[in-house]
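Heads up, the thing below is written out as structure tokens.
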Amino acid sequence: MLYMNTRSFVFVSRRTILRWSRSRLDSECTLELDASSYPSQKSVCIRKRGFNTNQRQPNSRTTRTFATMSCDKLFNGNKDRFNGVTVDSTQEPCDTSTFPDILKGSLDKWRDTGIRGVWFKVALADSTWVPVLAQNGFRFHHAQPSYVMMVCWLPSNEVCNIPQYASTMVGVGAIVMNERRQILVVSEKYKLFPHWKLPGGYVEPGEEIVNAAEREVLEETSVRAKFKQMVCFRHVHNFTFGCSDMYFIVALTPEPGQEVLKKCDREIDAVEWMTVEEYLNHPHVHSTNRFFVKKFLEYEASGISLSYFEDTHPILKKPYLVYSLDLGPHTPAEKQNNIPSQSNKL
């Protein structure tokens with residue numbers, strides 16, 4: 001790195017400092033590293049010792065900051081389509097002692113290049129980064145068992161539009177009815193009051209609602225069942241962990257030979273096949289669960305069903321399921337919209 005003015009020059013490298021001399025013979029300047037910034041070597045100082053040409057005695061000594069060196073290493077991160085950047089500590093490791101300087105240099109670079117949101121995904125092993133990030137304007141966005149995500153909005157003339165972390169949890173309940181018109185019901189091991197409910201639970205990350213319903217039924221009752229149709233869903237706020245909660249009711253058809261039940265001892269206290277009439281009139285059945293079963297019976301009687309087909313996002317190229325209403329055998333949704341039937345309704 002070369003610094004110049006009309007009367008002098010200095011060359012500074014990472015490890016090498018050359019002597020700086022002025023053309024006048026009555027003074028001499030020596031370039032030194034500022035010890036306060038070592039080992040980052042971000043700034044240097046000039047220590048100037050002046051001499052009288054006649055007496056050759058020092059008459060002054062001053063110190064001033066001369067220049068700021070650019071760091072050899074800055075964070076790169078992965079840029080997103082919103083003109084933001086994400087740094088993953090497992091992909092770009094950095095020693096704790098040099099992290100503050102490299103972070104500041106990186107933030108300067110991102111501000112100069114118009115980056116908007118800066119994300120740091122900090123692994124548990126790099127948790128010493130967290131207080132430094134907080135001191136530089138980063139806030140917590142969300143956390144998982146293995147990492148914490150922190151974010152900083154850089155533009156001072158633009159309102160921050162970074163969305164909050166996912167605030168809704170998704171659960172499923174399954175209406176499994178056999179050929180004898182019996183419903184599969186469970187009583188949970190840990191409960192506030194006696195009740196019979198539909199088997200189900202929370203959807204795992206990356207899991208389809210349909211697959212979650214089939215999995216929960218198998219885990220809690222040992223019954224293998226396949227998707228028949230979607231029935232309805234319930235939406236509530238300020239639920240578990242203060243999140244909103246969506247509870248989807250899925251109708252499943254048990255596979256042949258699935259009459260023998262085996263409960264999950266860890267979660268379930270009892271499991272049984274219960275007739276529809278008994279379930280709808282049982283004192284230990286919640287009114288909302290009665291409503292779910294009644295709607296399913298109405299759909300069956302009218303030929304209405306909510307089924308799905310698989311598709312792929314035209315831009316993101318990611319697969320997804322599209323749920324749509326089938327109005328019955330006389331007016332199927334596929335014919336109304338002139339699209340080929342891709343229904344997964346049984």
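The chains in the structure tokens are called A, B, ... from first to last as shown; in each chain the residues are counted from 1, and the ligands are counted from 1 in the order shown.
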
Requested in this report: Once DSSP has gone over the backbone, tell me which residues of range 167-346 of chain A are in strand (DSSP E or B), as a VMD selection string.
Outcome: chain A and resid 168 to 177 182 to 188 197 200 to 202 225 to 236 244 to 254 268 to 275 305 to 312 319 to 326

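Of the residues listed (A:Tyr320, A:Thr253, A:Arg111, A:Gln91), A:Tyr320 shows the shortest atom-to-atom separation from Ile209 in chain A; distances use only C-alpha atoms.
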
Query raised in the report: Which is closest to Gly117 in chain A among A:Pro283, A:Gly84, A:Gly77, A:Pro93, if we use only C-alpha atoms?
Result: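 Nearest to Gly117 in chain A: A:Gly84.
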
Requested in this report: Find the spatial neighbours of Ile175 in chain A, counting only C-alpha atoms, within a cut-off of 7 Å - ignore same-chain residues fewer than 5 positions away - and output them as a PyMOL selection string.
Outcome: chain A and resi 183+198+250-252

Can I get the selection written as a PDB file, in the first residue's frame, with N, CA and C atoms?
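Listed below is the output, part-v6.pdb:
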ATOM      1  N   ILE A 183     -64.267 -44.846  14.215  1.00  0.00           N
ATOM      2  CA  ILE A 183     -63.216 -43.824  14.146  1.00  0.00           C
ATOM      3  C   ILE A 183     -62.095 -44.194  15.103  1.00  0.00           C
ATOM      4  N   LEU A 198     -58.528 -37.014  18.261  1.00  0.00           N
ATOM      5  CA  LEU A 198     -58.050 -37.607  17.027  1.00  0.00           C
ATOM      6  C   LEU A 198     -56.531 -37.761  17.114  1.00  0.00           C
ATOM      7  N   VAL A 250     -57.140 -34.162   8.481  1.00  0.00           N
ATOM      8  CA  VAL A 250     -56.974 -34.965   7.274  1.00  0.00           C
ATOM      9  C   VAL A 250     -57.702 -36.290   7.461  1.00  0.00           C
ATOM     10  N   ALA A 251     -58.515 -36.666   6.479  1.00  0.00           N
ATOM     11  CA  ALA A 251     -59.193 -37.969   6.508  1.00  0.00           C
ATOM     12  C   ALA A 251     -58.281 -39.011   5.870  1.00  0.00           C
ATOM     13  N   LEU A 252     -58.107 -40.139   6.553  1.00  0.00           N
ATOM     14  CA  LEU A 252     -57.272 -41.235   6.072  1.00  0.00           C
ATOM     15  C   LEU A 252     -58.096 -42.519   5.996  1.00  0.00           C
TER      16      LEU A 252
END

Just want the 9 Å neighbourhood of Met149 in chain A, counted on only C-alpha atoms, with same-chain residues fewer than 3 positions away dropped. Output as a PDB file with N, CA, C and O atoms, in the first residue's frame.
ATOM      1  N   TRP A 119     -26.831 -10.886   7.224  1.00  0.00           N
ATOM      2  CA  TRP A 119     -27.195 -11.989   8.108  1.00  0.00           C
ATOM      3  C   TRP A 119     -25.942 -12.747   8.544  1.00  0.00           C
ATOM      4  O   TRP A 119     -25.071 -13.016   7.711  1.00  0.00           O
ATOM      5  N   PHE A 120     -25.866 -13.071   9.809  1.00  0.00           N
ATOM      6  CA  PHE A 120     -24.783 -13.926  10.314  1.00  0.00           C
ATOM      7  C   PHE A 120     -25.410 -15.170  10.950  1.00  0.00           C
ATOM      8  O   PHE A 120     -26.148 -15.061  11.931  1.00  0.00           O
ATOM      9  N   LYS A 121     -25.094 -16.317  10.355  1.00  0.00           N
ATOM     10  CA  LYS A 121     -25.524 -17.605  10.907  1.00  0.00           C
ATOM     11  C   LYS A 121     -24.375 -18.127  11.756  1.00  0.00           C
ATOM     12  O   LYS A 121     -23.369 -18.609  11.236  1.00  0.00           O
ATOM     13  N   VAL A 122     -24.520 -18.007  13.069  1.00  0.00           N
ATOM     14  CA  VAL A 122     -23.428 -18.295  13.998  1.00  0.00           C
ATOM     15  C   VAL A 122     -23.646 -19.670  14.632  1.00  0.00           C
ATOM     16  O   VAL A 122     -24.614 -19.880  15.366  1.00  0.00           O
ATOM     17  N   ALA A 123     -22.734 -20.571  14.334  1.00  0.00           N
ATOM     18  CA  ALA A 123     -22.814 -21.916  14.906  1.00  0.00           C
ATOM     19  C   ALA A 123     -22.510 -21.869  16.399  1.00  0.00           C
ATOM     20  O   ALA A 123     -21.873 -20.927  16.904  1.00  0.00           O
ATOM     21  N   ARG A 139     -29.096  -7.791  15.625  1.00  0.00           N
ATOM     22  CA  ARG A 139     -30.106  -8.262  16.571  1.00  0.00           C
ATOM     23  C   ARG A 139     -30.417  -9.723  16.285  1.00  0.00           C
ATOM     24  O   ARG A 139     -30.140 -10.229  15.198  1.00  0.00           O
ATOM     25  N   PHE A 140     -31.002 -10.388  17.249  1.00  0.00           N
ATOM     26  CA  PHE A 140     -31.391 -11.787  17.061  1.00  0.00           C
ATOM     27  C   PHE A 140     -32.606 -11.867  16.139  1.00  0.00           C
ATOM     28  O   PHE A 140     -33.551 -11.090  16.281  1.00  0.00           O
ATOM     29  N   HIS A 141     -32.562 -12.800  15.223  1.00  0.00           N
ATOM     30  CA  HIS A 141     -33.717 -13.042  14.354  1.00  0.00           C
ATOM     31  C   HIS A 141     -34.400 -14.355  14.707  1.00  0.00           C
ATOM     32  O   HIS A 141     -35.594 -14.415  14.916  1.00  0.00           O
ATOM     33  N   HIS A 142     -33.624 -15.432  14.782  1.00  0.00           N
ATOM     34  CA  HIS A 142     -34.168 -16.722  15.227  1.00  0.00           C
ATOM     35  C   HIS A 142     -33.011 -17.626  15.632  1.00  0.00           C
ATOM     36  O   HIS A 142     -31.843 -17.308  15.403  1.00  0.00           O
ATOM     37  N   ALA A 143     -33.360 -18.730  16.237  1.00  0.00           N
ATOM     38  CA  ALA A 143     -32.341 -19.672  16.704  1.00  0.00           C
ATOM     39  C   ALA A 143     -32.833 -21.093  16.531  1.00  0.00           C
ATOM     40  O   ALA A 143     -34.034 -21.369  16.565  1.00  0.00           O
ATOM     41  N   GLN A 144     -31.889 -21.984  16.326  1.00  0.00           N
ATOM     42  CA  GLN A 144     -32.124 -23.417  16.249  1.00  0.00           C
ATOM     43  C   GLN A 144     -31.126 -24.079  17.197  1.00  0.00           C
ATOM     44  O   GLN A 144     -30.201 -23.420  17.699  1.00  0.00           O
TER      45      GLN A 144
END

Query raised in the report: Hey, what's within 12 Å of Glu267 in chain A if we count only C-alpha atoms and toss same-chain stuff fewer than 6 positions away? As a PyMOL selection string, please?
Result: chain A and resi 186-191+199-201+216+219-221

Query raised in the report: Nearest to Lys294 in chain A: which of A:Glu208, A:Glu310, A:Asp265, A:Glu277 is it, counting only C-alpha atoms?
Result: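 Going through A:Glu208, A:Glu310, A:Asp265, A:Glu277 one by one, the smallest distance to Lys294 in chain A is for A:Glu277.
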
Report task. Find the spatial neighbours of Gln258 in chain A, counting only C-alpha atoms, within a cut-off of 12 Å - ignore same-chain residues fewer than 4 positions away - and output them as a VMD selection string. Result -> chain A and resid 176 to 179 184 217 to 218 221 to 226 253 to 254 262 273
